[in-house]
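Shown next: upload-v2.cif, containing mmCIF, C-alpha atoms.
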data_data
loop_
_atom_site.group_PDB
_atom_site.id
_atom_site.type_symbol
_atom_site.label_atom_id
_atom_site.label_comp_id
_atom_site.auth_asym_id
_atom_site.auth_seq_id
_atom_site.Cartn_x
_atom_site.Cartn_y
_atom_site.Cartn_z
ATOM 1 C CA MET A 27 33.137 -7.029 9.633
ATOM 2 C CA ILE A 28 33.853 -3.517 8.452
ATOM 3 C CA GLU A 29 33.544 -0.989 11.273
ATOM 4 C CA LYS A 30 33.579 2.122 9.124
ATOM 5 C CA ASN A 31 34.173 3.209 5.588
ATOM 6 C CA GLU A 32 37.668 4.303 4.672
ATOM 7 C CA MET A 33 37.747 8.029 3.962
ATOM 8 C CA ILE A 34 40.156 10.040 1.820
ATOM 9 C CA PHE A 35 40.669 13.747 2.453
ATOM 10 C CA GLY A 36 41.972 16.489 0.183
ATOM 11 C CA VAL A 37 41.611 17.217 -3.521
ATOM 12 C CA ARG A 38 44.949 15.781 -4.699
ATOM 13 C CA ALA A 39 44.554 12.647 -2.554
ATOM 14 C CA VAL A 40 41.103 11.973 -4.023
ATOM 15 C CA ILE A 41 42.347 12.489 -7.587
ATOM 16 C CA GLU A 42 45.210 10.060 -6.953
ATOM 17 C CA ALA A 43 42.774 7.519 -5.483
ATOM 18 C CA LEU A 44 40.624 7.767 -8.617
ATOM 19 C CA ASP A 45 43.647 7.353 -10.868
ATOM 20 C CA ALA A 46 44.722 4.319 -8.837
ATOM 21 C CA GLY A 47 41.348 2.639 -9.413
ATOM 22 C CA LYS A 48 40.020 2.915 -5.864
ATOM 23 C CA GLU A 49 36.295 2.061 -5.659
ATOM 24 C CA ILE A 50 34.892 5.413 -4.495
ATOM 25 C CA ASP A 51 31.326 5.282 -3.249
ATOM 26 C CA LYS A 52 30.546 8.961 -2.643
ATOM 27 C CA ILE A 53 32.347 12.313 -2.611
ATOM 28 C CA LEU A 54 31.384 15.413 -0.631
ATOM 29 C CA ILE A 55 32.668 18.712 -2.041
ATOM 30 C CA LYS A 56 32.436 22.141 -0.447
ATOM 31 C CA ARG A 57 29.547 23.965 -2.069
ATOM 32 C CA ASP A 58 31.411 27.093 -3.222
ATOM 33 C CA MET A 59 34.660 25.379 -4.125
ATOM 34 C CA GLN A 60 36.273 26.762 -7.294
ATOM 35 C CA SER A 61 39.932 26.286 -8.147
ATOM 36 C CA ASP A 62 42.138 24.800 -10.829
ATOM 37 C CA LEU A 63 42.602 21.702 -8.670
ATOM 38 C CA SER A 64 38.850 21.278 -8.154
ATOM 39 C CA ARG A 65 38.339 21.519 -11.924
ATOM 40 C CA GLU A 66 40.930 18.765 -12.280
ATOM 41 C CA LEU A 67 38.938 16.690 -9.791
ATOM 42 C CA PHE A 68 35.698 17.137 -11.740
ATOM 43 C CA ALA A 69 37.517 16.206 -14.930
ATOM 44 C CA ALA A 70 38.709 12.986 -13.248
ATOM 45 C CA LEU A 71 35.134 12.251 -12.152
ATOM 46 C CA ARG A 72 33.628 12.685 -15.616
ATOM 47 C CA GLY A 73 31.982 9.499 -16.823
ATOM 48 C CA ARG A 74 32.377 7.679 -13.496
ATOM 49 C CA MET A 75 29.415 6.268 -11.580
ATOM 50 C CA ILE A 76 30.203 8.109 -8.347
ATOM 51 C CA SER A 77 27.720 10.124 -6.319
ATOM 52 C CA VAL A 78 28.992 13.706 -5.871
ATOM 53 C CA GLN A 79 27.294 16.060 -3.410
ATOM 54 C CA ARG A 80 27.914 19.783 -3.036
ATOM 55 C CA VAL A 81 27.543 20.505 0.692
ATOM 56 C CA PRO A 82 28.262 23.323 3.191
ATOM 57 C CA VAL A 83 31.815 23.157 4.512
ATOM 58 C CA GLU A 84 30.386 22.739 8.030
ATOM 59 C CA ARG A 85 29.120 19.289 7.083
ATOM 60 C CA ILE A 86 32.620 18.207 6.071
ATOM 61 C CA ASP A 87 34.054 19.761 9.231
ATOM 62 C CA ARG A 88 31.713 17.565 11.281
ATOM 63 C CA ILE A 89 33.102 14.481 9.548
ATOM 64 C CA THR A 90 36.778 15.269 10.101
ATOM 65 C CA ARG A 91 39.098 17.842 11.627
ATOM 66 C CA LYS A 92 41.859 16.957 9.184
ATOM 67 C CA ASN A 93 42.955 19.328 6.407
ATOM 68 C CA HIS A 94 40.283 18.194 3.956
ATOM 69 C CA GLN A 95 40.554 21.177 1.550
ATOM 70 C CA GLY A 96 36.786 20.993 1.076
ATOM 71 C CA VAL A 97 36.764 17.407 -0.238
ATOM 72 C CA VAL A 98 36.166 14.032 1.398
ATOM 73 C CA ALA A 99 35.704 10.734 -0.440
ATOM 74 C CA PHE A 100 34.207 7.538 0.963
ATOM 75 C CA VAL A 101 35.750 4.294 -0.278
ATOM 76 C CA SER A 102 33.298 1.466 -0.965
ATOM 77 C CA PRO A 103 33.870 -1.767 0.999
ATOM 78 C CA ILE A 104 32.964 -3.761 -2.122
ATOM 79 C CA THR A 105 33.682 -3.711 -5.848
ATOM 80 C CA TYR A 106 30.530 -2.935 -7.802
ATOM 81 C CA GLN A 107 29.753 -4.970 -10.895
ATOM 82 C CA LEU A 108 27.801 -4.414 -14.127
ATOM 83 C CA THR A 109 24.626 -6.257 -15.043
ATOM 84 C CA GLU A 110 25.857 -6.874 -18.589
ATOM 85 C CA ASP A 111 28.852 -8.745 -17.139
ATOM 86 C CA ILE A 112 26.884 -10.743 -14.547
ATOM 87 C CA VAL A 113 24.066 -11.987 -16.798
ATOM 88 C CA PRO A 114 26.149 -13.984 -19.342
ATOM 89 C CA PHE A 115 28.068 -15.585 -16.476
ATOM 90 C CA LEU A 116 24.797 -16.699 -14.802
ATOM 91 C CA PHE A 117 23.466 -18.171 -18.042
ATOM 92 C CA GLU A 118 26.762 -19.992 -18.627
ATOM 93 C CA GLN A 119 26.241 -21.645 -15.228
ATOM 94 C CA GLY A 120 22.921 -23.023 -16.474
ATOM 95 C CA LYS A 121 20.871 -20.827 -14.141
ATOM 96 C CA SER A 122 17.496 -19.220 -14.590
ATOM 97 C CA PRO A 123 18.680 -16.021 -12.880
ATOM 98 C CA LEU A 124 16.710 -14.123 -10.251
ATOM 99 C CA LEU A 125 17.702 -10.472 -9.866
ATOM 100 C CA LEU A 126 16.372 -7.678 -7.654
ATOM 101 C CA MET A 127 16.435 -4.044 -8.769
ATOM 102 C CA LEU A 128 16.101 -1.289 -6.139
ATOM 103 C CA ASP A 129 14.646 1.808 -7.807
ATOM 104 C CA GLY A 130 14.947 4.938 -5.677
ATOM 105 C CA ILE A 131 15.474 3.257 -2.303
ATOM 106 C CA THR A 132 17.628 5.437 -0.046
ATOM 107 C CA ASP A 133 17.403 3.897 3.449
ATOM 108 C CA VAL A 134 20.568 1.878 4.160
ATOM 109 C CA ARG A 135 18.906 -0.269 6.827
ATOM 110 C CA ASN A 136 16.198 -1.358 4.410
ATOM 111 C CA PHE A 137 18.923 -2.024 1.844
ATOM 112 C CA GLY A 138 20.851 -4.163 4.298
ATOM 113 C CA ALA A 139 17.748 -6.114 5.301
ATOM 114 C CA ILE A 140 16.838 -6.713 1.646
ATOM 115 C CA ALA A 141 20.373 -7.888 0.872
ATOM 116 C CA ARG A 142 20.231 -10.322 3.786
ATOM 117 C CA THR A 143 16.985 -11.804 2.441
ATOM 118 C CA CYS A 144 18.445 -11.977 -1.078
ATOM 119 C CA GLU A 145 21.493 -13.891 0.118
ATOM 120 C CA CYS A 146 19.386 -16.320 2.150
ATOM 121 C CA ALA A 147 17.016 -16.929 -0.786
ATOM 122 C CA GLY A 148 19.726 -17.383 -3.412
ATOM 123 C CA VAL A 149 19.035 -14.216 -5.408
ATOM 124 C CA ASP A 150 21.844 -13.847 -7.941
ATOM 125 C CA ALA A 151 22.457 -10.079 -7.745
ATOM 126 C CA ILE A 152 21.047 -6.738 -6.639
ATOM 127 C CA ILE A 153 20.922 -3.818 -9.076
ATOM 128 C CA ILE A 154 21.018 -0.182 -7.922
ATOM 129 C CA PRO A 155 21.269 3.142 -9.801
ATOM 130 C CA ALA A 156 24.416 5.231 -9.542
ATOM 131 C CA LYS A 157 22.499 8.309 -8.365
ATOM 132 C CA ASN A 158 19.732 9.015 -5.823
ATOM 133 C CA SER A 159 20.101 5.596 -4.275
ATOM 134 C CA VAL A 160 21.489 3.646 -1.374
ATOM 135 C CA THR A 161 25.066 2.482 -1.681
ATOM 136 C CA VAL A 162 27.069 -0.168 0.110
ATOM 137 C CA ASN A 163 28.454 1.482 3.245
ATOM 138 C CA ALA A 164 29.344 0.189 6.690
ATOM 139 C CA ASP A 165 25.786 0.533 8.036
ATOM 140 C CA ALA A 166 24.345 -1.384 5.084
ATOM 141 C CA VAL A 167 26.947 -4.150 5.462
ATOM 142 C CA LYS A 168 26.218 -4.458 9.184
ATOM 143 C CA THR A 169 22.432 -4.584 8.671
ATOM 144 C CA SER A 170 22.878 -7.207 5.968
ATOM 145 C CA ALA A 171 24.758 -9.442 8.446
ATOM 146 C CA GLY A 172 27.632 -9.469 5.971
ATOM 147 C CA ALA A 173 25.534 -10.509 2.963
ATOM 148 C CA LEU A 174 26.693 -7.470 0.978
ATOM 149 C CA MET A 175 30.259 -8.745 1.149
ATOM 150 C CA THR A 176 29.329 -11.852 -0.883
ATOM 151 C CA LEU A 177 26.209 -10.933 -2.895
ATOM 152 C CA PRO A 178 26.997 -9.208 -6.224
ATOM 153 C CA VAL A 179 25.772 -5.596 -6.383
ATOM 154 C CA CYS A 180 25.525 -3.984 -9.816
ATOM 155 C CA LYS A 181 25.625 -0.187 -10.014
ATOM 156 C CA GLU A 182 24.133 1.209 -13.208
ATOM 157 C CA GLN A 183 24.150 4.647 -14.810
ATOM 158 C CA SER A 184 20.686 4.093 -16.349
ATOM 159 C CA LEU A 185 18.059 1.698 -14.990
ATOM 160 C CA THR A 186 16.038 2.177 -18.186
ATOM 161 C CA ALA A 187 18.952 0.908 -20.278
ATOM 162 C CA THR A 188 19.480 -1.957 -17.813
ATOM 163 C CA ILE A 189 15.817 -2.996 -18.001
ATOM 164 C CA LYS A 190 15.975 -2.981 -21.810
ATOM 165 C CA PHE A 191 19.174 -5.067 -21.724
ATOM 166 C CA LEU A 192 17.531 -7.612 -19.400
ATOM 167 C CA LYS A 193 14.443 -7.862 -21.623
ATOM 168 C CA ASP A 194 16.658 -8.406 -24.662
ATOM 169 C CA SER A 195 18.466 -11.116 -22.670
ATOM 170 C CA GLY A 196 15.228 -13.035 -22.056
ATOM 171 C CA PHE A 197 14.278 -11.771 -18.594
ATOM 172 C CA ARG A 198 10.739 -11.137 -17.400
ATOM 173 C CA ILE A 199 10.605 -7.775 -15.636
ATOM 174 C CA LEU A 200 8.199 -7.751 -12.717
ATOM 175 C CA ALA A 201 7.370 -4.541 -10.814
ATOM 176 C CA ALA A 202 5.873 -4.429 -7.338
ATOM 177 C CA THR A 203 3.395 -1.543 -7.369
ATOM 178 C CA GLU A 204 0.097 -0.513 -5.816
ATOM 179 C CA LYS A 205 -1.029 -0.042 -9.442
ATOM 180 C CA GLY A 206 -0.534 -3.777 -9.945
ATOM 181 C CA ASP A 207 -2.918 -5.708 -12.201
ATOM 182 C CA TYR A 208 -3.133 -8.734 -9.923
ATOM 183 C CA ASP A 209 -1.935 -10.496 -6.777
ATOM 184 C CA TYR A 210 1.848 -11.114 -6.671
ATOM 185 C CA SER A 211 1.345 -14.876 -6.282
ATOM 186 C CA LYS A 212 -0.281 -15.102 -9.735
ATOM 187 C CA ALA A 213 2.855 -13.884 -11.513
ATOM 188 C CA ASN A 214 5.404 -16.196 -13.131
ATOM 189 C CA TYR A 215 8.809 -16.233 -11.402
ATOM 190 C CA THR A 216 10.225 -19.433 -12.900
ATOM 191 C CA ASP A 217 11.810 -17.881 -16.006
ATOM 192 C CA PRO A 218 14.817 -15.542 -15.753
ATOM 193 C CA THR A 219 13.276 -12.756 -13.674
ATOM 194 C CA CYS A 220 14.124 -9.288 -12.386
ATOM 195 C CA ILE A 221 11.898 -7.961 -9.585
ATOM 196 C CA ILE A 222 11.797 -4.167 -9.257
ATOM 197 C CA MET A 223 11.084 -2.583 -5.875
ATOM 198 C CA GLY A 224 10.495 1.176 -5.633
ATOM 199 C CA ALA A 225 10.687 3.658 -2.776
ATOM 200 C CA GLU A 226 7.926 3.375 -0.171
ATOM 201 C CA ASP A 227 6.670 6.921 -0.807
ATOM 202 C CA THR A 228 6.857 7.122 -4.605
ATOM 203 C CA GLY A 229 7.033 3.522 -5.833
ATOM 204 C CA VAL A 230 8.509 2.446 -9.154
ATOM 205 C CA PRO A 231 8.388 5.455 -11.529
ATOM 206 C CA TYR A 232 6.279 5.131 -14.686
ATOM 207 C CA GLU A 233 9.364 5.660 -16.867
ATOM 208 C CA HIS A 234 10.434 2.194 -15.695
ATOM 209 C CA LEU A 235 6.997 0.642 -15.174
ATOM 210 C CA LYS A 236 6.189 1.031 -18.862
ATOM 211 C CA TYR A 237 8.934 -1.444 -19.765
ATOM 212 C CA CYS A 238 7.828 -4.093 -17.245
ATOM 213 C CA ASP A 239 6.087 -7.306 -18.295
ATOM 214 C CA GLU A 240 4.012 -7.610 -15.123
ATOM 215 C CA TRP A 241 2.746 -5.205 -12.473
ATOM 216 C CA VAL A 242 1.893 -7.005 -9.239
ATOM 217 C CA ARG A 243 0.586 -5.921 -5.859
ATOM 218 C CA ILE A 244 0.640 -7.367 -2.362
ATOM 219 C CA PRO A 245 -2.871 -7.431 -0.820
ATOM 220 C CA LEU A 246 -3.265 -5.124 2.194
ATOM 221 C CA MET A 247 -6.129 -5.743 4.587
ATOM 222 C CA GLY A 248 -5.321 -3.174 7.287
ATOM 223 C CA LYS A 249 -5.537 0.613 7.430
ATOM 224 C CA ILE A 250 -1.853 1.294 6.671
ATOM 225 C CA GLU A 251 -1.390 1.814 2.944
ATOM 226 C CA SER A 252 1.982 0.162 2.386
ATOM 227 C CA LEU A 253 4.438 -2.399 3.711
ATOM 228 C CA ASN A 254 8.025 -1.705 4.640
ATOM 229 C CA VAL A 255 9.964 -2.192 1.405
ATOM 230 C CA SER A 256 12.264 -4.835 2.884
ATOM 231 C CA VAL A 257 9.241 -6.869 4.005
ATOM 232 C CA ALA A 258 7.576 -6.481 0.606
ATOM 233 C CA ALA A 259 10.771 -7.566 -1.159
ATOM 234 C CA GLY A 260 10.975 -10.634 1.074
ATOM 235 C CA ILE A 261 7.424 -11.656 0.203
ATOM 236 C CA LEU A 262 8.078 -11.515 -3.548
ATOM 237 C CA ILE A 263 11.503 -13.131 -3.327
ATOM 238 C CA TYR A 264 10.167 -16.123 -1.420
ATOM 239 C CA GLU A 265 7.233 -16.474 -3.801
ATOM 240 C CA ALA A 266 9.882 -16.871 -6.491
ATOM 241 C CA VAL A 267 11.709 -19.439 -4.337
ATOM 242 C CA LYS A 268 8.448 -21.374 -3.818
ATOM 243 C CA GLN A 269 7.651 -21.433 -7.546
ATOM 244 C CA ARG A 270 11.164 -22.450 -8.480
ATOM 245 C CA GLY A 271 11.211 -25.242 -5.891
ATOM 246 C CA PHE A 272 13.262 -25.299 -2.710
ATOM 247 C CA LYS A 273 16.814 -26.507 -3.272
ATOM 248 C CA GLU A 274 19.293 -27.397 -0.547
#
Would you encode the structure as structure tokens?
Amino acid sequence: MIEKNEMIFGVRAVIEALDAGKEIDKILIKRDMQSDLSRELFAALRGRMISVQRVPVERIDRITRKNHQGVVAFVSPITYQLTEDIVPFLFEQGKSPLLLMLDGITDVRNFGAIARTCECAGVDAIIIPAKNSVTVNADAVKTSAGALMTLPVCKEQSLTATIKFLKDSGFRILAATEKGDYDYSKANYTDPTCIIMGAEDTGVPYEHLKYCDEWVRIPLMGKIESLNVSVAAGILIYEAVKQRGFKE
């Protein structure tokens, strides 16, 4: 089990790591940093699906006392994949793939719990956006009980483009939303399916909902207005398992 993410400090060291093909998960850069070397770093980052945050230097100082030069990069414990590479492979295996897309989810513990459920239920891959999203770090791996080390995770620049690709590939796109037209158990999960789960506070945004084939909701009988997203994901995933038939 990974105890902590590997970190790389210093502008030149991060540039060299990028050039060497290291899987960088996130980079923190001092907010007011401006130099020829920093411009070289941003040039190296152009077109890459890496989260970059401009932060006060004090935040970086709290992470390390080393000579960081205003830059620290976190190396991902996994290699991210692309949906367009995974899908043909799944079809070639004769599968009716089941995918889960996490749209705007930022809590790593929920991510880890969802990944654990996905692995147990035989979900084929998780899809996340490159920005404003959880990523696979040490906390997520630990919460997933190691599932994130074996379950494919696809990181995508545009979820809209990914949804369109999946629809063109024959997938039904099913969104879990309080705006749902009917109970989740009435949806069809037997065909190639991608379930989209949104953030607990905002849900799946309309820009993605409008491309979905089905909007479903989970009935709530109590006074609290929403379920924890990892619980909600588990309910839908196992409805899919039930409809598809349990396989040893």
If you apply the PyMOL selection byres ((chain A and resi 32) around 12) to this file, what residues do you get, as a list in words?
->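 On the file shown, the PyMOL selection byres ((chain A and resi 32) around 12) covers Ile28, Glu29, Lys30, Asn31, Met33, Ile34, Phe35, Ala43, Lys48, Glu49, Ile50, Asp51, Lys52, Val98, Ala99, Phe100, Val101, Ser102, Pro103, Ile104, Asn163 and Ala164 of chain A.
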Taking a cut-off of 9 Å and counting only C-alpha atoms, can you build a table that, for each residue of stretch 158-200 of chain A near stretch 235-249 of chain A, reports the nearest atom pair and how far apart they are in Å (one decimal), sorted by chain then residue number, as a Markdown table?
| residue | atom | partner | partner_atom | distance |
| --- | --- | --- | --- | --- |
| A:Thr186 | CA | A:Tyr237 | CA | 8.1 |
| A:Ile189 | CA | A:Tyr237 | CA | 7.3 |
| A:Lys190 | CA | A:Tyr237 | CA | 7.5 |
| A:Lys193 | CA | A:Tyr237 | CA | 8.7 |
| A:Arg198 | CA | A:Asp239 | CA | 6.1 |
| A:Ile199 | CA | A:Cys238 | CA | 4.9 |
| A:Leu200 | CA | A:Glu240 | CA | 4.8 |
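Pairwise distance (atom CA of A:Leu67, atom CA of A:Val40) equals 7.8 Å.
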In Å, how far is it from atom CA of A:Gly229 to atom CA of A:Tyr264?
->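 Answer for the atom CA of A:Gly229 to atom CA of A:Tyr264 separation: 20.4 Å.
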Output of the PyMOL selection byres ((chain A and resi 74) around 10), listed as a VMD selection string | chain A and resid 44 50 70 to 73 75 to 77 156 183
For A:Lys56, which of A:Val81, A:Leu192, A:Ile221, A:Val37 is the closest residue, counting all atoms listed in the file?
->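 Of A:Val81, A:Leu192, A:Ile221, A:Val37, the one nearest A:Lys56, counting all atoms listed in the file, is A:Val81.
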Here's a test: counting only C-alpha atoms, identify every protein, DNA and RNA residue with an atom at most 10 Å from (16.8, -0.5, 4.6) in the file's coordinate frame, and state them as a short mmCIF file (atom, residue, chain, number, x, y, z; two decimals) with C-alpha atoms, keeping the file's coordinate frame.
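Generated file (point-v7.cif):
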data_model
loop_
_atom_site.label_atom_id
_atom_site.label_comp_id
_atom_site.auth_asym_id
_atom_site.auth_seq_id
_atom_site.Cartn_x
_atom_site.Cartn_y
_atom_site.Cartn_z
CA ILE A 131 15.47 3.26 -2.30
CA THR A 132 17.63 5.44 -0.05
CA ASP A 133 17.40 3.90 3.45
CA VAL A 134 20.57 1.88 4.16
CA ARG A 135 18.91 -0.27 6.83
CA ASN A 136 16.20 -1.36 4.41
CA PHE A 137 18.92 -2.02 1.84
CA GLY A 138 20.85 -4.16 4.30
CA ALA A 139 17.75 -6.11 5.30
CA ILE A 140 16.84 -6.71 1.65
CA ALA A 141 20.37 -7.89 0.87
CA VAL A 160 21.49 3.65 -1.37
CA ASP A 165 25.79 0.53 8.04
CA ALA A 166 24.34 -1.38 5.08
CA THR A 169 22.43 -4.58 8.67
CA SER A 170 22.88 -7.21 5.97
CA ASN A 254 8.02 -1.70 4.64
CA VAL A 255 9.96 -2.19 1.40
CA SER A 256 12.26 -4.84 2.88
CA VAL A 257 9.24 -6.87 4.00
#
